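Structure file final_8.pdb with PDB, C-alpha atoms:
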MODEL        1
ATOM      1  CA  MET J   1       0.000   0.000   0.000
ATOM      2  CA  SER J   2       1.488   3.344  -1.036
ATOM      3  CA  LEU J   3       1.661   6.100   1.545
ATOM      4  CA  PRO J   4      -0.842   8.955   1.058
ATOM      5  CA  ARG J   5       1.158  12.133   0.423
ATOM      6  CA  SER J   6      -0.003  15.282   2.201
ATOM      7  CA  MET J   7      -0.104  18.530   0.224
ATOM      8  CA  ILE J   8       1.028  20.540   3.273
ATOM      9  CA  CYS J   9       3.419  19.783   6.124
ATOM     10  CA  LYS J  10       1.469  18.054   8.903
ATOM     11  CA  GLY J  11       4.071  19.040  11.486
ATOM     12  CA  CYS J  12       4.021  22.777  10.709
ATOM     13  CA  TRP J  13       0.234  22.776  10.572
ATOM     14  CA  GLN J  14      -0.120  21.089  13.976
ATOM     15  CA  GLN J  15       2.681  22.990  15.697
ATOM     16  CA  MET J  16       2.166  26.474  14.198
ATOM     17  CA  HIS J  17      -1.032  26.301  12.116
ATOM     18  CA  LEU J  18       1.180  27.251   9.191
ATOM     19  CA  PRO J  19       0.219  25.665   5.825
ATOM     20  CA  VAL J  20       3.645  24.974   4.327
ATOM     21  CA  PRO J  21       3.158  23.457   0.831
ATOM     22  CA  LEU J  22       4.988  20.188   0.215
ATOM     23  CA  ARG J  23       3.721  19.323  -3.251
ATOM     24  CA  GLY J  24       2.123  20.973  -6.246
ATOM     25  CA  PRO J  25       2.774  24.390  -7.835
ATOM     26  CA  ALA J  26       2.486  26.228  -4.508
ATOM     27  CA  SER J  27       5.544  24.343  -3.193
ATOM     28  CA  ILE J  28       7.911  25.609  -5.932
ATOM     29  CA  PRO J  29       8.815  28.965  -4.293
ATOM     30  CA  PHE J  30       9.407  27.175  -0.971
ATOM     31  CA  ARG J  31      11.811  24.714  -2.581
ATOM     32  CA  ALA J  32      13.890  27.634  -3.791
ATOM     33  CA  PHE J  33      14.597  28.317  -0.097
ATOM     34  CA  GLY J  34      15.378  24.677   0.683
ATOM     35  CA  ILE J  35      11.964  23.877   2.167
ATOM     36  CA  ARG J  36      10.980  20.434   0.935
ATOM     37  CA  PRO J  37       9.689  17.076   2.288
ATOM     38  CA  SER J  38      11.798  15.767   5.155
ATOM     39  CA  ARG J  39      13.712  12.515   4.860
ATOM     40  CA  MET J  40      12.391  11.574   8.297
ATOM     41  CA  ASN J  41       8.786  11.688   7.102
ATOM     42  CA  PRO J  42       7.691  12.891   3.637
ATOM     43  CA  ASN J  43       4.541  14.430   5.140
ATOM     44  CA  THR J  44       6.647  16.828   7.219
ATOM     45  CA  CYS J  45       9.123  19.398   5.922
ATOM     46  CA  THR J  46      12.666  20.558   6.475
ATOM     47  CA  ILE J  47      11.424  23.417   8.660
ATOM     48  CA  CYS J  48      10.459  20.785  11.245
ATOM     49  CA  GLU J  49      13.833  19.111  10.806
ATOM     50  CA  LEU J  50      16.292  21.980  10.260
ATOM     51  CA  MET J  51      14.669  24.903  12.089
ATOM     52  CA  PHE J  52      13.584  23.112  15.269
ATOM     53  CA  THR J  53      14.995  25.743  17.632
ATOM     54  CA  ARG J  54      13.258  28.626  15.842
ATOM     55  CA  VAL J  55       9.933  26.830  15.530
ATOM     56  CA  MET J  56       9.797  25.550  19.109
ATOM     57  CA  LYS J  57      11.517  28.628  20.635
ATOM     58  CA  ALA J  58      13.788  26.226  22.556
ATOM     59  CA  ARG J  59      16.758  23.981  21.880
ATOM     60  CA  GLN J  60      15.081  21.092  23.698
ATOM     61  CA  ILE J  61      11.523  20.351  24.782
ATOM     62  CA  THR J  62       9.851  17.606  26.820
ATOM     63  CA  VAL J  63       7.414  15.553  24.765
ATOM     64  CA  ASP J  64       5.251  12.502  25.370
ATOM     65  CA  VAL J  65       6.204  10.015  22.660
ATOM     66  CA  SER J  66       6.478   6.351  21.796
ATOM     67  CA  VAL J  67       9.894   5.142  20.646
ATOM     68  CA  LEU J  68      10.494   2.094  18.465
ATOM     69  CA  PHE J  69      13.789   0.378  17.692
ATOM     70  CA  ALA J  70      14.067  -2.348  15.050
ATOM     71  CA  ASP J  71      17.159  -4.382  14.232
ATOM     72  CA  LEU J  72      17.781  -6.745  11.312
ATOM     73  CA  ARG J  73      18.867  -9.996  12.947
ATOM     74  CA  GLY J  74      21.284 -12.188  10.994
ATOM     75  CA  TYR J  75      22.755  -9.280   9.069
ATOM     76  CA  THR J  76      26.219  -9.671  10.610
ATOM     77  CA  THR J  77      26.502 -13.293   9.497
ATOM     78  CA  LEU J  78      25.251 -12.475   6.014
ATOM     79  CA  SER J  79      27.661  -9.578   5.587
ATOM     80  CA  GLN J  80      30.535 -12.031   6.007
ATOM     81  CA  SER J  81      29.265 -14.642   3.563
ATOM     82  CA  LEU J  82      27.466 -12.804   0.737
ATOM     83  CA  PRO J  83      28.649 -10.361  -1.964
ATOM     84  CA  ALA J  84      28.784  -6.748  -0.825
ATOM     85  CA  ASP J  85      26.169  -5.613  -3.361
ATOM     86  CA  THR J  86      23.690  -8.238  -2.120
ATOM     87  CA  VAL J  87      24.217  -7.211   1.489
ATOM     88  CA  SER J  88      23.821  -3.539   0.564
ATOM     89  CA  SER J  89      20.602  -4.262  -1.338
ATOM     90  CA  LEU J  90      19.242  -6.240   1.620
ATOM     91  CA  LEU J  91      19.865  -3.307   3.943
ATOM     92  CA  ASP J  92      18.283  -0.875   1.471
ATOM     93  CA  VAL J  93      15.108  -2.955   1.311
ATOM     94  CA  PHE J  94      15.019  -3.252   5.111
ATOM     95  CA  TYR J  95      15.283   0.527   5.498
ATOM     96  CA  ASP J  96      12.635   1.132   2.835
ATOM     97  CA  GLU J  97      10.155  -1.335   4.328
ATOM     98  CA  CYS J  98      10.647   0.110   7.818
ATOM     99  CA  ALA J  99      10.230   3.658   6.507
ATOM    100  CA  GLU J 100       6.970   2.911   4.706
ATOM    101  CA  ALA J 101       5.555   1.193   7.798
ATOM    102  CA  ILE J 102       6.580   4.090  10.072
ATOM    103  CA  TRP J 103       5.210   6.762   7.753
ATOM    104  CA  GLU J 104       1.933   4.881   7.303
ATOM    105  CA  PHE J 105       1.246   5.590  10.990
ATOM    106  CA  ASP J 106       2.649   9.166  10.945
ATOM    107  CA  GLY J 107       5.871   8.264  12.735
ATOM    108  CA  LEU J 108       9.284   9.857  12.279
ATOM    109  CA  LEU J 109      12.144   7.706  10.982
ATOM    110  CA  ASN J 110      14.659   9.444  13.224
ATOM    111  CA  LYS J 111      17.789   7.325  12.744
ATOM    112  CA  THR J 112      19.310   4.547  10.682
ATOM    113  CA  VAL J 113      22.372   3.078  12.366
ATOM    114  CA  GLY J 114      24.034   0.084  10.735
ATOM    115  CA  ASP J 115      21.345  -2.596  10.575
ATOM    116  CA  ALA J 116      18.937  -0.832  12.974
ATOM    117  CA  ILE J 117      16.419   2.004  12.875
ATOM    118  CA  MET J 118      14.865   4.319  15.475
ATOM    119  CA  ALA J 119      11.363   5.753  15.090
ATOM    120  CA  ILE J 120       9.446   8.338  17.118
ATOM    121  CA  PHE J 121       5.674   8.714  17.310
ATOM    122  CA  ASN J 122       3.728  11.819  18.418
ATOM    123  CA  PHE J 123       6.193  14.475  17.295
ATOM    124  CA  PRO J 124       5.999  16.583  15.223
ATOM    125  CA  ILE J 125       2.736  14.960  14.042
ATOM    126  CA  ARG J 126       0.519  14.557  17.107
ATOM    127  CA  HIS J 127      -1.712  11.566  17.817
ATOM    128  CA  ASP J 128      -3.182  10.647  21.199
ATOM    129  CA  ASP J 129      -2.970   6.957  20.257
ATOM    130  CA  HIS J 130       0.755   7.056  19.514
ATOM    131  CA  ALA J 131       1.525   3.923  21.573
ATOM    132  CA  GLN J 132      -1.014   1.983  19.548
ATOM    133  CA  ARG J 133       0.449   3.385  16.339
ATOM    134  CA  ALA J 134       3.927   2.251  17.384
ATOM    135  CA  VAL J 135       2.708  -1.316  18.004
ATOM    136  CA  ARG J 136       0.853  -1.400  14.701
ATOM    137  CA  THR J 137       3.955  -0.108  12.973
ATOM    138  CA  ALA J 138       6.011  -2.894  14.546
ATOM    139  CA  ARG J 139       3.579  -5.503  13.266
ATOM    140  CA  GLU J 140       3.643  -3.917   9.820
ATOM    141  CA  ILE J 141       7.451  -3.977   9.810
ATOM    142  CA  GLN J 142       7.383  -7.674  10.680
ATOM    143  CA  ARG J 143       4.879  -8.344   7.908
ATOM    144  CA  ARG J 144       6.832  -6.359   5.336
ATOM    145  CA  CYS J 145      10.188  -7.898   6.263
ATOM    146  CA  SER J 146       9.011 -11.511   6.491
ATOM    147  CA  HIS J 147       9.823 -11.965   2.792
ATOM    148  CA  LEU J 148      13.458 -10.802   2.893
ATOM    149  CA  GLY J 149      14.987 -14.277   2.997
ATOM    150  CA  ARG J 150      12.899 -15.449   0.041
ATOM    151  CA  GLU J 151      13.372 -12.243  -1.938
ATOM    152  CA  PHE J 152      17.161 -12.523  -1.755
ATOM    153  CA  ASP J 153      17.137 -16.328  -1.955
ATOM    154  CA  LEU J 154      19.119 -16.556   1.267
ATOM    155  CA  PRO J 155      20.066 -19.921   2.738
ATOM    156  CA  HIS J 156      18.823 -20.885   6.187
ATOM    157  CA  HIS J 157      21.379 -19.654   8.672
ATOM    158  CA  ALA J 158      21.690 -18.512  12.257
ATOM    159  CA  GLU J 159      23.879 -16.206  14.257
ATOM    160  CA  ALA J 160      26.110 -17.559  17.012
ATOM    161  CA  ASP J 161      23.420 -16.660  19.531
ATOM    162  CA  GLY J 162      20.835 -18.668  17.621
ATOM    163  CA  SER J 163      18.962 -15.745  16.079
ATOM    164  CA  GLU J 164      17.903 -16.201  12.458
ATOM    165  CA  LEU J 165      17.325 -13.659   9.724
ATOM    166  CA  GLY J 166      14.426 -11.482  10.821
ATOM    167  CA  VAL J 167      13.633  -8.329  12.750
ATOM    168  CA  GLY J 168      13.721  -7.807  16.520
ATOM    169  CA  ILE J 169      11.709  -4.824  17.786
ATOM    170  CA  GLY J 170      11.442  -2.986  21.118
ATOM    171  CA  ILE J 171       8.971  -0.223  22.085
ATOM    172  CA  ASP J 172       8.531   2.060  25.105
ATOM    173  CA  THR J 173       6.391   5.137  25.678
ATOM    174  CA  GLY J 174       6.535   8.184  27.947
ATOM    175  CA  GLU J 175       8.178  11.576  28.308
ATOM    176  CA  THR J 176      11.514  12.256  26.628
ATOM    177  CA  SER J 177      13.700  15.236  25.823
ATOM    178  CA  PHE J 178      13.461  16.031  22.121
ATOM    179  CA  GLY J 179      15.609  18.578  20.396
ATOM    180  CA  GLU J 180      19.009  19.451  19.014
ATOM    181  CA  PHE J 181      21.875  17.782  20.854
ATOM    182  CA  GLY J 182      25.564  18.367  20.278
ATOM    183  CA  ARG J 183      27.490  21.472  19.291
ATOM    184  CA  SER J 184      29.928  20.816  16.458
ATOM    185  CA  HIS J 185      27.627  18.070  15.163
ATOM    186  CA  ARG J 186      23.940  18.833  15.661
ATOM    187  CA  ASP J 187      21.627  15.866  16.074
ATOM    188  CA  LEU J 188      17.828  16.217  16.150
ATOM    189  CA  THR J 189      16.559  13.317  18.231
ATOM    190  CA  ALA J 190      15.036  12.143  21.517
ATOM    191  CA  ILE J 191      17.010  11.110  24.590
ATOM    192  CA  GLY J 192      16.099   9.712  27.997
ATOM    193  CA  THR J 193      14.999   6.563  29.795
ATOM    194  CA  VAL J 194      12.199   5.795  27.327
ATOM    195  CA  VAL J 195      14.674   5.771  24.441
ATOM    196  CA  ASN J 196      17.156   3.632  26.371
ATOM    197  CA  THR J 197      14.473   1.141  27.411
ATOM    198  CA  ALA J 198      13.130   0.742  23.880
ATOM    199  CA  SER J 199      16.663   0.200  22.590
ATOM    200  CA  ARG J 200      17.459  -2.416  25.233
ATOM    201  CA  ALA J 201      14.121  -4.148  24.682
ATOM    202  CA  GLN J 202      14.994  -4.431  21.007
ATOM    203  CA  SER J 203      18.378  -5.910  21.875
ATOM    204  CA  VAL J 204      16.758  -8.913  23.625
ATOM    205  CA  ALA J 205      13.913  -9.411  21.139
ATOM    206  CA  PRO J 206      14.494 -12.513  18.987
ATOM    207  CA  ALA J 207      14.015 -12.409  15.233
ATOM    208  CA  GLY J 208      10.353 -12.007  14.399
ATOM    209  CA  ARG J 209       9.378 -10.791  17.874
ATOM    210  CA  ILE J 210       8.128  -7.494  19.319
ATOM    211  CA  LEU J 211       8.796  -6.666  22.981
ATOM    212  CA  VAL J 212       7.023  -3.744  24.655
ATOM    213  CA  THR J 213       7.026  -2.285  28.153
ATOM    214  CA  ARG J 214       4.189  -2.215  30.660
ATOM    215  CA  ALA J 215       3.641   1.447  29.807
ATOM    216  CA  VAL J 216       2.899   0.484  26.194
ATOM    217  CA  CYS J 217       0.466  -2.217  27.331
ATOM    218  CA  ASP J 218      -1.351   0.284  29.557
ATOM    219  CA  ARG J 219      -1.704   2.847  26.762
ATOM    220  CA  ALA J 220      -2.508   0.447  23.939
ATOM    221  CA  PRO J 221      -4.664  -2.243  25.604
ATOM    222  CA  GLY J 222      -6.433  -3.069  22.367
ATOM    223  CA  GLU J 223      -3.113  -4.130  20.826
ATOM    224  CA  THR J 224      -1.658  -5.898  23.857
ATOM    225  CA  ALA J 225      -4.624  -7.517  25.667
ATOM    226  CA  SER J 226      -4.067 -10.828  27.489
ATOM    227  CA  ARG J 227      -0.295 -10.638  27.205
ATOM    228  CA  GLU J 228       1.874 -12.011  29.997
ATOM    229  CA  GLY J 229       5.007 -10.159  31.006
ATOM    230  CA  ARG J 230       8.473 -11.517  31.692
ATOM    231  CA  ASP J 231      11.364  -9.924  33.545
ATOM    232  CA  TYR J 232      14.485  -9.196  31.489
ATOM    233  CA  GLU J 233      17.918  -8.153  32.671
ATOM    234  CA  LEU J 234      18.701  -5.214  30.427
ATOM    235  CA  LYS J 235      22.122  -3.644  30.095
ATOM    236  CA  GLY J 236      22.383  -0.389  32.028
ATOM    237  CA  PHE J 237      19.387  -1.061  34.273
ATOM    238  CA  ASP J 238      19.860  -1.969  37.931
ATOM    239  CA  LYS J 239      16.597  -3.913  38.186
ATOM    240  CA  PRO J 240      14.865  -6.315  35.781
ATOM    241  CA  ILE J 241      12.451  -4.705  33.328
ATOM    242  CA  GLU J 242       9.112  -6.380  32.610
ATOM    243  CA  LEU J 243       8.534  -6.782  28.866
ATOM    244  CA  TYR J 244       5.607  -8.205  26.940
ATOM    245  CA  ALA J 245       5.688 -10.051  23.618
ATOM    246  CA  VAL J 246       2.963  -8.763  21.272
TER     247      VAL J 246
ENDMDL
END

Please rewrite the model in this file as C-alpha cells.
Amino acid sequence: MSLPRSMICKGCWQQMHLPVPLRGPASIPFRAFGIRPSRMNPNTCTICELMFTRVMKARQITVDVSVLFADLRGYTTLSQSLPADTVSSLLDVFYDECAEAIWEFDGLLNKTVGDAIMAIFNFPIRHDDHAQRAVRTAREIQRRCSHLGREFDLPHHAEADGSELGVGIGIDTGETSFGEFGRSHRDLTAIGTVVNTASRAQSVAPAGRILVTRAVCDRAPGETASREGRDYELKGFDKPIELYAV
C-alpha cells in the first residue's frame, strides 16, 4: 500500500497552524529556499527538521512520545558470507520497508544506524494513540520484512546466539527530551529513559518478535490484551524490566 502524500506539512500545521506546501505548484517557491519534504517523514518538511529551535523557541523540549527500535537480525553473518552488493541491497530494502511502515502511521524515521532504525511517534505529528500506532507499525514492519529471505534467496542460517534472519523490535512510551543535541555536530533526536528502554528491549527481542514495556500495554490495551510479562535483565538497568511479547 502506497503512503498517502499530504499537500502541506502536517508538522508545521499542527505545531504552528502554518500551511507549508509540500507538493504541487504552490511548493515551488518554498523549494527555492530549501523547504521540501523531510527525509524523516515525507509528510513533514525541512522546517520541522532543520529549524527546530526557531519553531519551538527552545533547543530542547519535553514531549510525550512512543519510541520504536528495530534491528535486522542475521545481518552480521550475512555480511561475512554474501557479496557486498547483495548485502547492501538487503539493507536498502530493510530501510525502505521500515520507513513505509513508520510513515503509514505518521511516525518519524529518526535514525538509521548500521542494521537498525529508530522511530518516534507523536512528534511533530501529534496523535493521542501514539503507543497503539507504534505497536501497529512494529507488526507492519514484521509483515513487510518476512519476505526478505525469500526475496534474496538466502540460505537458512543462524547467528552464534541462535537468532535467524528477521527483525527484533522494542517499544517504550513516555516523556523524553526532544531537540538538538551536540554542538559541532547537531543531532535532532530524543534522549532519555524511554529511548534507552526501547533500545534495550529491542536488543533482547528474537528475530520475528516485538517486545514492549508495561507502559505500552497500559496505553494500547487493544493491541496488547491478554499478554503475559516476563522480567528481562537489560544492560544499564539496575533492576529487571518487565517486557511483553505482542

Practice prompt. Run the PyMOL selection byres ((chain J and resi 95) around 12) on the file and write out the hits as number ranges by chain.
Written response: J: 40, 70-72, 88-94, 96-102, 109-119, 141, 144-145, 148, 167

Residue subset to file, keeping C-alpha atoms, as a short mmCIF file (atom, residue, chain, number, x, y, z; two decimals), keeping the file's coordinate frame:
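Ended up saving to out-v2.cif:
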data_model
loop_
_atom_site.label_atom_id
_atom_site.label_comp_id
_atom_site.auth_asym_id
_atom_site.auth_seq_id
_atom_site.Cartn_x
_atom_site.Cartn_y
_atom_site.Cartn_z
CA MET J 40 12.39 11.57 8.30
CA ALA J 70 14.07 -2.35 15.05
CA ASP J 71 17.16 -4.38 14.23
CA LEU J 72 17.78 -6.74 11.31
CA SER J 88 23.82 -3.54 0.56
CA SER J 89 20.60 -4.26 -1.34
CA LEU J 90 19.24 -6.24 1.62
CA LEU J 91 19.86 -3.31 3.94
CA ASP J 92 18.28 -0.88 1.47
CA VAL J 93 15.11 -2.96 1.31
CA PHE J 94 15.02 -3.25 5.11
CA ASP J 96 12.64 1.13 2.84
CA GLU J 97 10.15 -1.34 4.33
CA CYS J 98 10.65 0.11 7.82
CA ALA J 99 10.23 3.66 6.51
CA GLU J 100 6.97 2.91 4.71
CA ALA J 101 5.56 1.19 7.80
CA ILE J 102 6.58 4.09 10.07
CA LEU J 109 12.14 7.71 10.98
CA ASN J 110 14.66 9.44 13.22
CA LYS J 111 17.79 7.32 12.74
CA THR J 112 19.31 4.55 10.68
CA VAL J 113 22.37 3.08 12.37
CA GLY J 114 24.03 0.08 10.74
CA ASP J 115 21.34 -2.60 10.58
CA ALA J 116 18.94 -0.83 12.97
CA ILE J 117 16.42 2.00 12.88
CA MET J 118 14.86 4.32 15.48
CA ALA J 119 11.36 5.75 15.09
CA ILE J 141 7.45 -3.98 9.81
CA ARG J 144 6.83 -6.36 5.34
CA CYS J 145 10.19 -7.90 6.26
CA LEU J 148 13.46 -10.80 2.89
CA VAL J 167 13.63 -8.33 12.75
#

Practice prompt. Using the chain letters and numbering of this document, enumerate as a VMD selection string the residues selected by the PyMOL selection byres ((chain J and resi 107) around 12).
Written response: chain J and resid 10 to 11 39 to 44 65 to 68 98 to 106 108 to 111 118 to 127 129 to 138

Please produce a file of the residues just selected, as an mmCIF file, in the coordinates of the input, where the atoms kept are C-alpha atoms.
data_model
loop_
_atom_site.group_PDB
_atom_site.id
_atom_site.type_symbol
_atom_site.label_atom_id
_atom_site.label_comp_id
_atom_site.auth_asym_id
_atom_site.auth_seq_id
_atom_site.Cartn_x
_atom_site.Cartn_y
_atom_site.Cartn_z
ATOM 1 C CA LYS J 10 1.469 18.054 8.903
ATOM 2 C CA GLY J 11 4.071 19.040 11.486
ATOM 3 C CA ARG J 39 13.712 12.515 4.860
ATOM 4 C CA MET J 40 12.391 11.574 8.297
ATOM 5 C CA ASN J 41 8.786 11.688 7.102
ATOM 6 C CA PRO J 42 7.691 12.891 3.637
ATOM 7 C CA ASN J 43 4.541 14.430 5.140
ATOM 8 C CA THR J 44 6.647 16.828 7.219
ATOM 9 C CA VAL J 65 6.204 10.015 22.660
ATOM 10 C CA SER J 66 6.478 6.351 21.796
ATOM 11 C CA VAL J 67 9.894 5.142 20.646
ATOM 12 C CA LEU J 68 10.494 2.094 18.465
ATOM 13 C CA CYS J 98 10.647 0.110 7.818
ATOM 14 C CA ALA J 99 10.230 3.658 6.507
ATOM 15 C CA GLU J 100 6.970 2.911 4.706
ATOM 16 C CA ALA J 101 5.555 1.193 7.798
ATOM 17 C CA ILE J 102 6.580 4.090 10.072
ATOM 18 C CA TRP J 103 5.210 6.762 7.753
ATOM 19 C CA GLU J 104 1.933 4.881 7.303
ATOM 20 C CA PHE J 105 1.246 5.590 10.990
ATOM 21 C CA ASP J 106 2.649 9.166 10.945
ATOM 22 C CA LEU J 108 9.284 9.857 12.279
ATOM 23 C CA LEU J 109 12.144 7.706 10.982
ATOM 24 C CA ASN J 110 14.659 9.444 13.224
ATOM 25 C CA LYS J 111 17.789 7.325 12.744
ATOM 26 C CA MET J 118 14.865 4.319 15.475
ATOM 27 C CA ALA J 119 11.363 5.753 15.090
ATOM 28 C CA ILE J 120 9.446 8.338 17.118
ATOM 29 C CA PHE J 121 5.674 8.714 17.310
ATOM 30 C CA ASN J 122 3.728 11.819 18.418
ATOM 31 C CA PHE J 123 6.193 14.475 17.295
ATOM 32 C CA PRO J 124 5.999 16.583 15.223
ATOM 33 C CA ILE J 125 2.736 14.960 14.042
ATOM 34 C CA ARG J 126 0.519 14.557 17.107
ATOM 35 C CA HIS J 127 -1.712 11.566 17.817
ATOM 36 C CA ASP J 129 -2.970 6.957 20.257
ATOM 37 C CA HIS J 130 0.755 7.056 19.514
ATOM 38 C CA ALA J 131 1.525 3.923 21.573
ATOM 39 C CA GLN J 132 -1.014 1.983 19.548
ATOM 40 C CA ARG J 133 0.449 3.385 16.339
ATOM 41 C CA ALA J 134 3.927 2.251 17.384
ATOM 42 C CA VAL J 135 2.708 -1.316 18.004
ATOM 43 C CA ARG J 136 0.853 -1.400 14.701
ATOM 44 C CA THR J 137 3.955 -0.108 12.973
ATOM 45 C CA ALA J 138 6.011 -2.894 14.546
#

Discussion item. Applying the PyMOL selection byres ((chain J and resi 198) around 8) to the file I just gave you, which residues come out? Please list them as a VMD selection string.
Written reply: chain J and resid 67 to 69 170 to 172 194 to 197 199 to 202 212

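Distance-wise, CA of Gly229 (chain J) and CA of Ala205 (chain J) end up 13.3 Å apart.
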
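We find CA of Leu188 (chain J) and CA of Arg214 (chain J) to be spaced 27.1 Å apart.
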
Practice prompt. Take CA of Glu242 (chain J) and CA of Asp64 (chain J) and report the distance between them in Å, one decimal.
Written response: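 One can read the CA of Glu242 (chain J) to CA of Asp64 (chain J) distance as 20.6 Å.
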
Worksheet item: Smallest atom-to-atom distance to Ser177 (chain J): which of J:Ile28, J:Ile61, J:Ile47, J:Leu211, using only C-alpha atoms?
Response: J:Ile61

Discussion item. Quick one: residues within 12 Å of Ala26 (chain J), all atoms listed in the file, excluding same-chain residues fewer than 4 positions away - as a PyMOL selection string?
Written reply: chain J and resi 7-8+19-22+30-32+35-36

Please produce an output containing C-alpha atoms for each residue in the selection, written as a compact mmCIF listing (two decimals), in the frame of the given file.
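Saved file again.txt follows:
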# COMPACT_ATOMS: atom_id res chain seq x y z
CA MET J 7 -0.10 18.53 0.22
CA ILE J 8 1.03 20.54 3.27
CA PRO J 19 0.22 25.66 5.82
CA VAL J 20 3.64 24.97 4.33
CA PRO J 21 3.16 23.46 0.83
CA LEU J 22 4.99 20.19 0.22
CA PHE J 30 9.41 27.18 -0.97
CA ARG J 31 11.81 24.71 -2.58
CA ALA J 32 13.89 27.63 -3.79
CA ILE J 35 11.96 23.88 2.17
CA ARG J 36 10.98 20.43 0.94

Item to complete: Compare J:Gly179, J:Pro221, J:Arg59, J:Cys48 by their minimum atom-to-atom distance to Gln15 (chain J), counting all atoms listed in the file, and give me the closest one.
Response: J:Cys48

Practice prompt. For each of J:Arg139, J:Arg219, J:Arg73, J:Arg186, take the minimum atom-to-atom distance to Gly168 (chain J), counting all atoms listed in the file, then give the residue where this is smallest.
Written response: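 Looking at the shortest contact to Gly168 (chain J), the residue is J:Arg73.
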